[in-house]
>>> print(open('model_36.txt').read())   # compact mmCIF, C-alpha atoms
# COMPACT_ATOMS: atom_id res chain seq x y z
CA MET A 26 0.00 0.00 0.00
CA ASN A 27 1.55 3.36 -0.96
CA SER A 28 1.60 6.32 1.36
CA GLU A 29 -1.36 8.05 -0.25
CA ASP A 30 -3.49 4.94 0.01
CA GLN A 31 -2.37 4.44 3.57
CA TYR A 32 -3.32 7.99 4.47
CA ARG A 33 -6.77 7.68 2.93
CA SER A 34 -7.40 4.26 4.36
CA ARG A 35 -6.49 5.30 7.90
CA LEU A 36 -8.51 8.49 7.69
CA ARG A 37 -11.51 6.70 6.23
CA SER A 38 -11.39 4.03 8.87
CA ALA A 39 -11.32 6.65 11.62
CA VAL A 40 -14.22 8.61 10.17
CA HIS A 41 -16.24 5.47 9.50
CA SER A 42 -15.82 4.35 13.09
CA ALA A 43 -18.76 6.62 13.93
CA GLN A 44 -22.19 5.14 13.34
CA ALA A 45 -25.55 6.86 13.10
CA PRO A 46 -27.61 6.15 16.21
CA PRO A 47 -30.34 3.58 15.56
CA GLU A 48 -33.05 6.03 16.62
CA LEU A 49 -31.99 8.44 13.87
CA HIS A 50 -33.42 6.12 11.24
CA SER A 51 -36.79 6.04 12.97
CA SER A 52 -36.71 9.81 13.59
CA VAL A 53 -36.05 10.55 9.94
CA LYS A 54 -38.78 8.15 8.81
CA ARG A 55 -41.22 9.62 11.30
CA ARG A 56 -40.51 13.20 10.18
CA LEU A 57 -40.83 12.22 6.54
CA HIS A 58 -44.11 10.49 7.31
CA GLU A 59 -45.39 13.58 9.15
CA GLU A 60 -44.33 15.82 6.29
CA ARG A 61 -46.07 13.62 3.74
CA ARG A 62 -49.25 13.61 5.81
CA ARG A 63 -49.09 17.33 6.48
CA VAL A 64 -48.78 18.40 2.85
CA PRO A 65 -52.13 16.93 1.73
CA PHE A 66 -53.79 18.56 4.77
CA VAL A 67 -52.28 21.92 3.90
CA ARG A 68 -53.33 21.48 0.29
CA ALA A 69 -56.79 20.42 1.37
CA GLY A 70 -56.96 23.47 3.61
CA PHE A 71 -56.05 25.75 0.73
CA ALA A 72 -58.55 24.00 -1.50
CA LEU A 73 -61.28 24.36 1.12
CA ALA A 74 -60.49 28.04 1.66
CA ALA A 75 -60.47 28.62 -2.09
CA SER A 76 -63.80 26.82 -2.45
CA ILE A 77 -65.37 28.92 0.30
CA LEU A 78 -64.06 32.12 -1.26
CA LEU A 79 -65.33 31.05 -4.65
CA ALA A 80 -68.75 30.19 -3.24
CA VAL A 81 -68.95 33.53 -1.43
CA GLY A 82 -67.81 35.34 -4.55
CA LEU A 83 -70.30 33.53 -6.78
CA ASN A 84 -73.09 34.19 -4.32
CA ARG A 85 -72.16 37.85 -4.15
CA ALA A 86 -71.91 38.05 -7.94
CA TRP A 87 -75.32 36.39 -8.23
CA GLN A 88 -76.88 38.72 -5.70
CA THR A 89 -75.45 41.80 -7.38
CA ASP A 90 -76.52 40.85 -10.89
CA TYR A 91 -73.13 39.96 -12.43
CA LEU A 92 -74.08 36.33 -12.94
CA ARG A 93 -77.59 36.90 -14.30
CA LEU A 94 -76.60 35.60 -17.69
CA THR A 95 -79.91 34.43 -19.17
CA PRO A 96 -82.81 36.74 -20.13
CA GLY A 97 -85.06 34.95 -17.63
CA ALA A 98 -82.59 35.41 -14.79
CA ARG A 99 -82.19 39.07 -15.70
CA GLU A 100 -85.91 39.73 -15.78
CA SER A 101 -86.21 37.98 -12.47
CA TYR A 102 -83.46 40.18 -11.03
CA ILE A 103 -84.99 43.36 -12.45
CA ALA A 104 -88.37 42.48 -11.00
CA GLU A 105 -86.83 41.60 -7.65
CA VAL A 106 -84.80 44.80 -7.32
CA SER A 107 -87.44 47.05 -8.84
CA ALA A 108 -89.89 45.90 -6.21
CA GLN A 109 -87.85 47.92 -3.70
CA LEU A 110 -88.64 51.13 -5.59
CA THR A 111 -91.68 53.33 -6.01
CA PRO A 112 -93.41 52.98 -9.40
CA VAL A 113 -92.02 56.19 -10.79
CA MET A 114 -88.46 55.37 -9.79
CA ARG A 115 -88.80 52.01 -11.53
CA VAL A 116 -89.28 53.87 -14.80
CA GLY A 117 -85.70 55.12 -14.83
CA PHE A 118 -84.16 52.13 -13.10
CA VAL A 119 -85.57 49.53 -15.50
CA ASP A 120 -83.95 51.14 -18.53
CA HIS A 121 -80.62 51.50 -16.72
CA LEU A 122 -80.65 47.77 -15.97
CA HIS A 123 -81.89 46.69 -19.40
CA CYS A 124 -79.73 48.93 -21.48
CA THR A 125 -76.65 49.80 -19.42
CA ILE A 126 -76.11 46.90 -17.07
CA PHE A 127 -77.35 43.91 -19.05
CA GLY A 128 -77.24 45.33 -22.57
CA GLN A 129 -73.78 46.86 -22.62
CA ASN A 130 -73.88 46.98 -26.39
CA PHE A 131 -71.57 49.96 -26.51
CA PRO A 132 -69.25 50.72 -29.41
CA LYS A 133 -65.63 49.80 -28.70
CA ASN A 134 -64.40 53.14 -29.95
CA PHE A 135 -66.47 56.08 -28.86
CA ASP A 136 -67.61 58.08 -31.91
CA LEU A 137 -68.92 61.46 -30.80
CA ARG A 138 -70.22 62.44 -34.20
CA ALA A 139 -72.18 59.20 -34.55
CA MET A 140 -73.59 59.59 -31.07
CA LEU A 141 -74.72 63.17 -31.63
CA SER A 142 -76.26 62.09 -34.92
CA GLU A 143 -78.11 59.29 -33.14
CA LEU A 144 -79.43 61.70 -30.50
CA GLY A 145 -80.49 64.28 -33.05
CA PRO A 146 -79.75 68.04 -33.08
CA SER A 147 -82.31 68.94 -30.40
CA ASN A 148 -81.08 66.32 -27.95
CA SER A 149 -77.34 66.67 -28.49
CA GLN A 150 -77.17 69.42 -25.90
CA LEU A 151 -77.47 66.71 -23.20
CA TYR A 152 -73.96 65.47 -24.00
CA PRO A 153 -72.02 68.55 -22.79
CA ILE A 154 -74.32 68.88 -19.79
CA LEU A 155 -73.55 65.36 -18.60
CA LYS A 156 -69.90 65.46 -19.60
CA ASN A 157 -69.27 68.67 -17.64
CA HIS A 158 -70.79 67.40 -14.41
CA LEU A 159 -69.57 63.83 -14.20
CA PRO A 160 -67.50 62.79 -11.19
CA PRO A 161 -63.76 62.57 -11.88
CA GLY A 162 -62.70 59.66 -14.08
CA TYR A 163 -66.04 59.11 -15.78
CA ALA A 164 -66.43 59.55 -19.52
CA VAL A 165 -69.50 59.51 -21.75
CA ILE A 166 -69.40 56.35 -23.87
CA GLU A 167 -72.84 56.22 -25.43
CA GLY A 168 -75.95 58.26 -26.25
CA HIS A 169 -79.06 56.97 -28.00
CA LYS A 170 -82.79 56.60 -27.99
CA CYS A 171 -84.01 53.31 -26.63
CA GLU A 172 -87.13 51.52 -25.49
CA ALA A 173 -87.91 49.50 -22.42
CA SER A 174 -91.25 48.32 -21.08
CA GLY A 175 -93.05 50.15 -23.87
CA ARG A 176 -91.46 53.56 -23.18
CA THR A 177 -89.00 55.58 -25.19
CA TYR A 178 -85.94 57.06 -23.50
CA LEU A 179 -83.16 59.42 -24.31
CA HIS A 180 -80.26 57.67 -22.73
CA LEU A 181 -76.68 58.82 -22.17
CA VAL A 182 -74.19 56.48 -20.51
CA ALA A 183 -70.94 57.33 -18.78
CA LYS A 184 -68.42 54.84 -17.51
CA LYS A 185 -65.45 54.54 -15.21
CA GLY A 186 -64.03 51.03 -14.95
CA ASN A 187 -66.97 48.81 -14.09
CA SER A 188 -69.07 51.68 -12.79
CA PHE A 189 -71.81 53.16 -14.98
CA VAL A 190 -73.90 56.34 -14.83
CA SER A 191 -77.09 56.76 -16.86
CA LEU A 192 -78.83 60.04 -17.61
CA LEU A 193 -82.36 59.28 -18.76
CA PHE A 194 -85.14 61.38 -20.16
CA THR A 195 -88.61 59.95 -20.75
CA ARG A 196 -92.06 61.42 -21.14
CA LYS A 197 -94.18 61.43 -18.03
CA GLY A 198 -97.02 58.92 -18.17
CA SER A 199 -100.51 59.56 -17.04
CA GLY A 200 -100.62 60.11 -13.29
CA GLU A 201 -96.89 59.58 -12.80
CA ALA A 202 -95.35 61.87 -10.22
CA PHE A 203 -92.43 61.55 -7.82
CA GLU A 204 -94.26 63.37 -5.07
CA ARG A 205 -97.01 60.77 -4.99
CA ASP A 206 -94.85 58.30 -3.05
CA LEU A 207 -91.72 60.19 -2.03
CA HIS A 208 -90.54 63.20 -0.14
CA ALA A 209 -88.01 65.44 -1.80
CA ALA A 210 -84.44 64.84 -0.69
CA ALA A 211 -83.24 68.19 -2.03
CA SER A 212 -84.31 70.94 -4.33
CA GLU A 213 -82.60 73.02 -6.97
CA ALA A 214 -83.92 76.03 -8.86
CA GLY A 215 -87.34 75.38 -7.41
CA PHE A 216 -87.46 71.75 -8.55
CA PRO A 217 -87.70 69.05 -5.88
CA ILE A 218 -85.21 66.18 -6.27
CA TYR A 219 -86.13 62.65 -5.24
CA THR A 220 -83.84 59.77 -4.53
CA GLN A 221 -84.04 56.07 -3.68
CA ASP A 222 -81.61 53.19 -3.31
CA ALA A 223 -82.06 49.66 -4.55
CA GLN A 224 -79.27 47.18 -3.78
CA ARG A 225 -76.04 48.74 -5.04
CA PHE A 226 -77.80 51.32 -7.18
CA ASN A 227 -79.06 54.83 -6.54
CA ILE A 228 -81.81 56.41 -8.57
CA THR A 229 -82.22 60.18 -8.35
CA GLY A 230 -84.81 62.09 -10.38
CA PHE A 231 -86.84 65.19 -10.92
CA SER A 232 -89.59 66.24 -13.25
CA PRO A 233 -89.30 69.28 -15.54
CA SER A 234 -92.59 70.00 -17.38
CA ASP A 235 -93.87 66.72 -18.87
CA PHE A 236 -90.61 64.74 -18.56
CA LEU A 237 -89.16 62.43 -15.97
CA VAL A 238 -85.40 62.80 -15.67
CA PHE A 239 -83.23 60.22 -13.89
CA LEU A 240 -79.64 59.88 -12.94
CA VAL A 241 -78.96 56.23 -12.12
CA SER A 242 -75.63 54.88 -10.95
CA ASP A 243 -73.87 52.72 -8.39
CA ARG A 244 -72.48 55.85 -6.77
CA PRO A 245 -73.59 56.86 -3.26
CA GLN A 246 -76.88 58.72 -2.90
CA HIS A 247 -75.29 62.04 -1.96
CA THR A 248 -72.99 61.95 -5.01
CA ASN A 249 -75.83 61.19 -7.37
CA THR A 250 -77.97 63.90 -5.83
CA SER A 251 -75.26 66.54 -6.01
CA VAL A 252 -74.43 65.67 -9.64
CA LEU A 253 -78.09 65.90 -10.65
CA SER A 254 -78.48 69.14 -8.66
CA ALA A 255 -75.54 70.65 -10.49
CA MET A 256 -76.96 69.67 -13.88
CA LEU A 257 -80.56 70.54 -13.07
CA PRO A 258 -80.77 74.16 -14.31
CA GLU A 259 -79.25 73.18 -17.66
CA LEU A 260 -81.45 70.08 -17.90
CA VAL A 261 -84.54 72.16 -17.26
CA LYS A 262 -83.50 74.55 -20.02
CA ALA A 263 -82.76 71.63 -22.37
CA SER A 264 -86.10 69.99 -21.66
CA ALA A 265 -87.82 72.81 -23.51
CA THR A 266 -86.39 71.58 -26.80
CA ILE A 267 -86.01 67.84 -26.19
CA GLU A 268 -87.54 65.72 -28.92
CA LEU A 269 -88.77 62.34 -27.76
CA MET B 23 -19.86 3.05 -8.02
CA PHE B 24 -22.89 4.78 -6.56
CA PRO B 25 -26.35 4.52 -8.03
CA VAL B 26 -27.17 7.10 -10.61
CA TYR B 27 -30.84 7.61 -10.21
CA ALA B 28 -33.17 9.27 -12.64
CA THR B 29 -35.94 11.40 -11.18
CA ASP B 30 -37.80 11.95 -14.40
CA PRO B 31 -41.14 10.37 -13.49
CA TRP B 32 -41.53 9.07 -17.01
CA SER B 33 -38.27 7.19 -16.75
CA SER B 34 -39.29 5.33 -13.58
CA PRO B 35 -41.16 2.06 -13.88
CA TRP B 36 -44.29 3.66 -12.42
CA GLY B 37 -43.87 6.66 -14.69
CA GLN B 38 -43.72 4.52 -17.79
CA VAL B 39 -46.96 2.90 -16.84
CA SER B 40 -48.45 6.24 -15.95
CA LYS B 41 -47.45 7.72 -19.29
CA LEU B 42 -49.49 5.04 -20.96
CA GLY B 43 -52.40 6.02 -18.81
CA LEU B 44 -52.71 2.67 -17.12
CA ILE B 45 -52.05 3.69 -13.54
CA PRO B 46 -52.18 7.25 -12.29
CA PHE B 47 -48.85 8.50 -11.00
CA ARG B 48 -49.22 8.54 -7.24
CA LYS B 49 -47.45 10.46 -4.52
CA ALA B 50 -47.11 7.26 -2.54
CA ASP B 51 -44.97 5.84 -5.31
CA ARG B 52 -42.68 8.84 -5.10
CA ALA B 53 -42.40 8.39 -1.34
CA ASP B 54 -41.40 4.75 -1.76
CA GLU B 55 -39.01 5.74 -4.49
CA PHE B 56 -37.39 8.38 -2.30
CA ASP B 57 -37.08 6.05 0.68
CA THR B 58 -35.54 3.35 -1.45
CA VAL B 59 -32.87 5.48 -3.04
CA ALA B 60 -32.15 8.09 -0.37
CA LEU B 61 -32.40 6.45 3.05
CA PRO B 62 -29.50 4.00 2.55
CA PHE B 63 -27.13 6.98 2.71
CA MET B 64 -28.15 7.97 6.22
CA ASP B 65 -25.00 6.63 7.88
CA ASP B 66 -22.77 8.42 5.39
CA LEU B 67 -24.65 11.65 5.86
CA PHE B 68 -24.56 11.34 9.62
CA ARG B 69 -20.79 10.79 9.66
CA MET B 70 -20.27 13.82 7.44
CA ALA B 71 -22.64 15.92 9.55
CA LEU B 72 -20.91 14.77 12.74
CA ARG B 73 -17.49 15.74 11.46
CA MET B 74 -18.77 19.07 10.18
CA THR B 75 -20.74 20.02 13.30
CA ARG B 76 -18.61 18.16 15.88
CA ASP B 77 -21.78 17.55 17.84
CA ARG B 78 -23.98 14.45 17.68
CA GLY B 79 -27.21 16.31 18.42
CA ARG B 80 -26.57 18.88 15.74
CA ALA B 81 -25.49 16.17 13.34
CA GLU B 82 -28.77 14.32 13.90
CA ASP B 83 -30.72 17.54 13.38
CA ALA B 84 -28.81 18.23 10.19
CA VAL B 85 -29.50 14.74 8.84
CA GLN B 86 -33.21 14.98 9.62
CA GLU B 87 -33.40 18.39 7.98
CA THR B 88 -31.45 17.11 5.01
CA TYR B 89 -33.96 14.33 4.38
CA LEU B 90 -36.92 16.69 4.78
CA GLN B 91 -35.45 19.20 2.36
CA ALA B 92 -34.43 16.47 -0.05
CA TRP B 93 -37.96 15.03 -0.01
CA LYS B 94 -39.52 18.45 -0.58
CA SER B 95 -37.29 19.06 -3.58
CA PHE B 96 -37.19 15.48 -4.84
CA ASP B 97 -39.27 16.47 -7.86
CA ARG B 98 -36.57 18.89 -8.85
CA PHE B 99 -33.75 16.38 -8.50
CA GLU B 100 -31.89 16.37 -11.82
CA ALA B 101 -32.36 13.23 -13.80
CA GLY B 102 -29.19 11.31 -14.45
CA THR B 103 -27.19 12.79 -11.58
CA ASN B 104 -25.77 11.03 -8.58
CA ILE B 105 -28.28 10.99 -5.75
CA ARG B 106 -25.55 10.52 -3.18
CA ALA B 107 -23.81 13.69 -4.34
CA TRP B 108 -27.15 15.47 -4.40
CA LEU B 109 -27.87 14.44 -0.81
CA TYR B 110 -24.46 15.71 0.28
CA LYS B 111 -25.19 18.98 -1.44
CA VAL B 112 -28.46 19.26 0.51
CA LEU B 113 -26.63 18.30 3.69
CA PHE B 114 -24.02 21.01 3.27
CA ASN B 115 -26.76 23.54 2.62
CA CYS B 116 -28.51 22.46 5.83
CA VAL B 117 -25.29 22.51 7.85
CA HIS B 118 -24.46 25.93 6.46
CA HIS B 119 -27.95 27.19 7.26
CA GLN B 120 -27.94 25.71 10.77
CA ARG B 121 -24.43 26.91 11.45
CA ARG B 122 -25.63 30.47 10.97
CA LYS B 123 -28.17 29.83 13.70
CA TRP B 124 -25.72 28.22 16.12
CA LEU B 125 -22.70 30.46 15.88
CA ARG B 126 -20.40 32.11 13.43
CA PHE B 127 -17.60 29.85 12.31
CA PRO B 128 -14.78 31.82 10.82
CA GLY B 129 -14.35 30.75 7.22
CA VAL B 130 -10.98 30.42 5.58
CA SER B 131 -9.80 32.82 2.95
CA ASP B 132 -9.45 31.54 -0.58
CA SER B 133 -7.96 34.75 -1.82
CA GLU B 134 -4.67 33.05 -2.49
CA MET B 135 -5.53 30.42 -5.02
CA VAL B 136 -2.22 28.68 -4.81
CA LEU B 137 -2.31 25.17 -6.16
CA GLU B 138 0.07 23.48 -3.84
CA GLN B 139 0.90 19.86 -3.97
CA VAL B 140 -2.47 18.09 -3.81
CA GLN B 141 -1.07 14.65 -3.35
CA ALA B 142 -1.63 13.16 0.08
CA SER B 143 1.38 12.63 2.27
CA PRO B 144 1.57 9.71 4.66
CA LEU B 145 0.09 10.25 8.10
CA PRO B 146 2.84 10.41 10.68
CA ALA B 147 2.98 7.16 12.63
CA ALA B 148 -0.58 6.43 11.55
CA ASP B 149 -0.48 2.96 13.02
CA HIS B 150 0.26 4.35 16.48
CA LEU B 151 -2.62 6.83 16.51
CA THR B 152 -6.14 5.95 17.60
CA ASP B 153 -9.29 6.78 15.66
CA ALA B 154 -10.19 9.31 18.33
CA GLU B 155 -6.86 11.09 17.92
CA ILE B 156 -7.18 11.21 14.15
CA LEU B 157 -10.73 12.52 14.44
CA ALA B 158 -9.67 15.11 17.02
CA ALA B 159 -6.99 16.34 14.63
CA LEU B 160 -9.47 16.38 11.76
CA ASP B 161 -12.01 18.31 13.82
CA ASP B 162 -9.32 20.84 14.66
CA ILE B 163 -8.62 21.98 11.11
CA PRO B 164 -10.65 24.84 9.62
CA GLU B 165 -14.12 23.81 8.60
CA ASP B 166 -13.80 24.66 4.91
CA TYR B 167 -10.63 22.54 4.65
CA ARG B 168 -12.21 19.75 6.64
CA ALA B 169 -15.20 19.63 4.30
CA VAL B 170 -12.97 19.10 1.27
CA VAL B 171 -10.78 16.51 3.00
CA LEU B 172 -13.88 14.57 4.02
CA LEU B 173 -15.49 14.74 0.61
CA VAL B 174 -12.41 13.88 -1.42
CA ASP B 175 -10.26 11.71 0.83
CA VAL B 176 -12.95 9.96 2.87
CA GLU B 177 -16.03 9.89 0.65
CA GLU B 178 -14.00 9.69 -2.56
CA PHE B 179 -15.89 12.29 -4.53
CA PRO B 180 -14.09 13.57 -7.63
CA TYR B 181 -12.96 17.19 -7.40
CA LYS B 182 -15.70 18.25 -9.77
CA GLU B 183 -18.49 16.77 -7.64
CA ALA B 184 -16.93 18.09 -4.43
CA ALA B 185 -16.90 21.54 -6.05
CA GLU B 186 -20.56 21.22 -6.95
CA ILE B 187 -21.52 20.02 -3.48
CA LEU B 188 -19.75 22.95 -1.85
CA HIS B 189 -20.71 25.50 -4.54
CA VAL B 190 -17.07 26.52 -5.06
CA PRO B 191 -14.77 26.42 -8.09
CA ILE B 192 -12.75 23.27 -8.65
CA GLY B 193 -9.52 25.21 -8.11
CA THR B 194 -10.74 26.15 -4.65
CA VAL B 195 -11.36 22.51 -3.88
CA MET B 196 -7.82 21.62 -4.86
CA SER B 197 -6.38 24.48 -2.90
CA ARG B 198 -8.40 23.68 0.22
CA LEU B 199 -7.57 20.01 -0.07
CA SER B 200 -3.88 20.71 -0.16
CA ARG B 201 -4.06 23.03 2.81
CA GLY B 202 -6.40 20.75 4.68
CA ARG B 203 -4.11 17.78 4.30
CA LYS B 204 -1.14 19.87 5.39
CA ALA B 205 -3.00 21.16 8.44
CA LEU B 206 -4.12 17.65 9.33
CA ARG B 207 -0.59 16.28 9.02
CA GLU B 208 0.78 19.04 11.24
CA ARG B 209 -1.75 18.32 13.95
CA LEU B 210 -1.13 14.61 13.82
CA GLU B 211 2.58 15.19 14.01
CA GLU B 212 2.06 17.21 17.15
CA THR B 213 0.03 14.39 18.67
CA ALA B 214 2.59 11.77 17.66
CA ARG B 215 5.40 13.94 18.99
CA SER B 216 3.68 14.25 22.35
CA TYR B 217 3.83 10.45 22.58
CA GLY B 218 7.44 10.47 21.55
CA VAL B 219 6.56 8.42 18.52
CA VAL B 220 8.18 10.88 16.12
CA LYS B 221 10.87 13.47 16.70
>>> encode(input="model_36.txt", output="structure tokens")
Amino acid sequence: MNSEDQYRSRLRSAVHSAQAPPELHSSVKRRLHEERRRVPFVRAGFALAASILLAVGLNRAWQTDYLRLTPGARESYIAEVSAQLTPVMRVGFVDHLHCTIFGQNFPKNFDLRAMLSELGPSNSQLYPILKNHLPPGYAVIEGHKCEASGRTYLHLVAKKGNSFVSLLFTRKGSGEAFERDLHAAASEAGFPIYTQDAQRFNITGFSPSDFLVFLVSDRPQHTNTSVLSAMLPELVKASATIEL
Amino acid sequence: MFPVYATDPWSSPWGQVSKLGLIPFRKADRADEFDTVALPFMDDLFRMALRMTRDRGRAEDAVQETYLQAWKSFDRFEAGTNIRAWLYKVLFNCVHHQRRKWLRFPGVSDSEMVLEQVQASPLPAADHLTDAEILAALDDIPEDYRAVVLLVDVEEFPYKEAAEILHVPIGTVMSRLSRGRKALRERLEETARSYGVVK
């Protein structure tokens, strides 16, 4: 045996004289076993938590209309939420739900000229009125005439993220009046302003001459009221020439 | 010499079956697989941990932690590489990590990358020294040198694998080995001299 071999052999023999304690084998196996049992539990815990969150989210989405995907489900939702409102408030709210929330058939690229053409020369004045009084971040994305529940509306829509604001004009029906069921929440330029909440929505309205005017959004009541108050004098003036 | 084990699930017998869709690949199979290929090296790992930590309790902790970490990363074990070398790499990581918790061992400087004579010299009066005296001398040399001496001279890893296990360049392994052997010889000579075995 040469010197290098002798050195290695002697060193190896000394190091190998130490043995792992017998209990180390069982300790390692036990810890591995615990780890292998623990991991599925942790995964199951995560899965359970995720399932609960998903269920809560789906329930919330269902309750707040986002999952009402079929026409039947939507009508059911509209009827359910509208029942919380007075008859006159339903007039504005129903078109907001039909057209803005469930319809959402808005052009991808906003075309101002096309929108003003759709509204007609007499009604185009509503665009700057709404645009100039919107809360920060909102932009007008649509303006048109539409029909819901047998009524015709002038409808302008503004959007910020997933939040929508509708400004609606419609002719007052026979016997329809805010004051029949509601007390005024505010007044502006001699016109009482009425407001009601339904789920996450607020409907605020007033009545110039033979029109019903609504501002519907998912903004808080005081915001909706102050925006409509600010627009009111100009809306009253515009109502004199509105064609509907 | 040591088993080269492939971790690619498709290359294992169960994996081949699973790939054909006959039997779903199960975690239990992986556990059996791991136990079969990794646990036989427990004694080797313990001896290395003992020499590196110089404490049986810490060595046992290091071995347990090594197997836990190895199991957790078994899916990432590179196919076609030596599982023994891989386990040592995990062990050194654990020892390094635990050492930071215990106390600060001063590391040696590798700034001078002098490749001295790497060949082993004979141990002075090796036949007259006990295992305990050789181990005491080994434990007394700087930890970084000791690691290389153990990996190369005791566990017979090639320089390249020792370098990979320790995450250092191969030149550093050679340098540390040379210095480690020299330091070990000096300490053993002192011991032998105290017995009057050598002058």
>>> interface_residues(input="model_36.txt", of="chain A", to="chain B", cutoff="10 Å", atoms="only C-alpha atoms", output="ChimeraX atom specification")
/A:27-50,52-58,60-61,64
>>> write_last_selection(input="model_36.txt", atoms="C-alpha atoms", output="PDB file, keeping the file's coordinate frame")
ATOM      1  CA  ASN A  27       1.550   3.360  -0.960  1.00  0.00           C
ATOM      2  CA  SER A  28       1.600   6.320   1.360  1.00  0.00           C
ATOM      3  CA  GLU A  29      -1.360   8.050  -0.250  1.00  0.00           C
ATOM      4  CA  ASP A  30      -3.490   4.940   0.010  1.00  0.00           C
ATOM      5  CA  GLN A  31      -2.370   4.440   3.570  1.00  0.00           C
ATOM      6  CA  TYR A  32      -3.320   7.990   4.470  1.00  0.00           C
ATOM      7  CA  ARG A  33      -6.770   7.680   2.930  1.00  0.00           C
ATOM      8  CA  SER A  34      -7.400   4.260   4.360  1.00  0.00           C
ATOM      9  CA  ARG A  35      -6.490   5.300   7.900  1.00  0.00           C
ATOM     10  CA  LEU A  36      -8.510   8.490   7.690  1.00  0.00           C
ATOM     11  CA  ARG A  37     -11.510   6.700   6.230  1.00  0.00           C
ATOM     12  CA  SER A  38     -11.390   4.030   8.870  1.00  0.00           C
ATOM     13  CA  ALA A  39     -11.320   6.650  11.620  1.00  0.00           C
ATOM     14  CA  VAL A  40     -14.220   8.610  10.170  1.00  0.00           C
ATOM     15  CA  HIS A  41     -16.240   5.470   9.500  1.00  0.00           C
ATOM     16  CA  SER A  42     -15.820   4.350  13.090  1.00  0.00           C
ATOM     17  CA  ALA A  43     -18.760   6.620  13.930  1.00  0.00           C
ATOM     18  CA  GLN A  44     -22.190   5.140  13.340  1.00  0.00           C
ATOM     19  CA  ALA A  45     -25.550   6.860  13.100  1.00  0.00           C
ATOM     20  CA  PRO A  46     -27.610   6.150  16.210  1.00  0.00           C
ATOM     21  CA  PRO A  47     -30.340   3.580  15.560  1.00  0.00           C
ATOM     22  CA  GLU A  48     -33.050   6.030  16.620  1.00  0.00           C
ATOM     23  CA  LEU A  49     -31.990   8.440  13.870  1.00  0.00           C
ATOM     24  CA  HIS A  50     -33.420   6.120  11.240  1.00  0.00           C
ATOM     25  CA  SER A  52     -36.710   9.810  13.590  1.00  0.00           C
ATOM     26  CA  VAL A  53     -36.050  10.550   9.940  1.00  0.00           C
ATOM     27  CA  LYS A  54     -38.780   8.150   8.810  1.00  0.00           C
ATOM     28  CA  ARG A  55     -41.220   9.620  11.300  1.00  0.00           C
ATOM     29  CA  ARG A  56     -40.510  13.200  10.180  1.00  0.00           C
ATOM     30  CA  LEU A  57     -40.830  12.220   6.540  1.00  0.00           C
ATOM     31  CA  HIS A  58     -44.110  10.490   7.310  1.00  0.00           C
ATOM     32  CA  GLU A  60     -44.330  15.820   6.290  1.00  0.00           C
ATOM     33  CA  ARG A  61     -46.070  13.620   3.740  1.00  0.00           C
ATOM     34  CA  VAL A  64     -48.780  18.400   2.850  1.00  0.00           C
TER      35      VAL A  64
END
>>> atom_distance(input="model_36.txt", atom1="CA of Tyr219 (chain A)", atom2="CA of Met114 (chain A)")
8.9 Å
>>> closest_residue(input="model_36.txt", among="B:Arg121, B:Arg98, B:Arg106, B:Lys182", to="Asp77 (chain B)", atoms="all atoms listed in the file")
B:Arg121
>>> atom_distance(input="model_36.txt", atom1="CA of Ile77 (chain A)", atom2="CA of Arg63 (chain A)")
20.9 Å
>>> closest_residue(input="model_36.txt", among="A:Pro217, A:Pro96, A:Gly198, A:Pro161", to="Leu237 (chain A)", atoms="only C-alpha atoms")
A:Gly198
>>> atom_distance(input="model_36.txt", atom1="CA of Ala185 (chain B)", atom2="CA of His118 (chain B)")
15.3 Å
>>> closest_residue(input="model_36.txt", among="A:Pro146, A:Gly168, A:Pro153, A:Gly215", to="Phe194 (chain A)", atoms="all atoms listed in the file")
A:Gly168
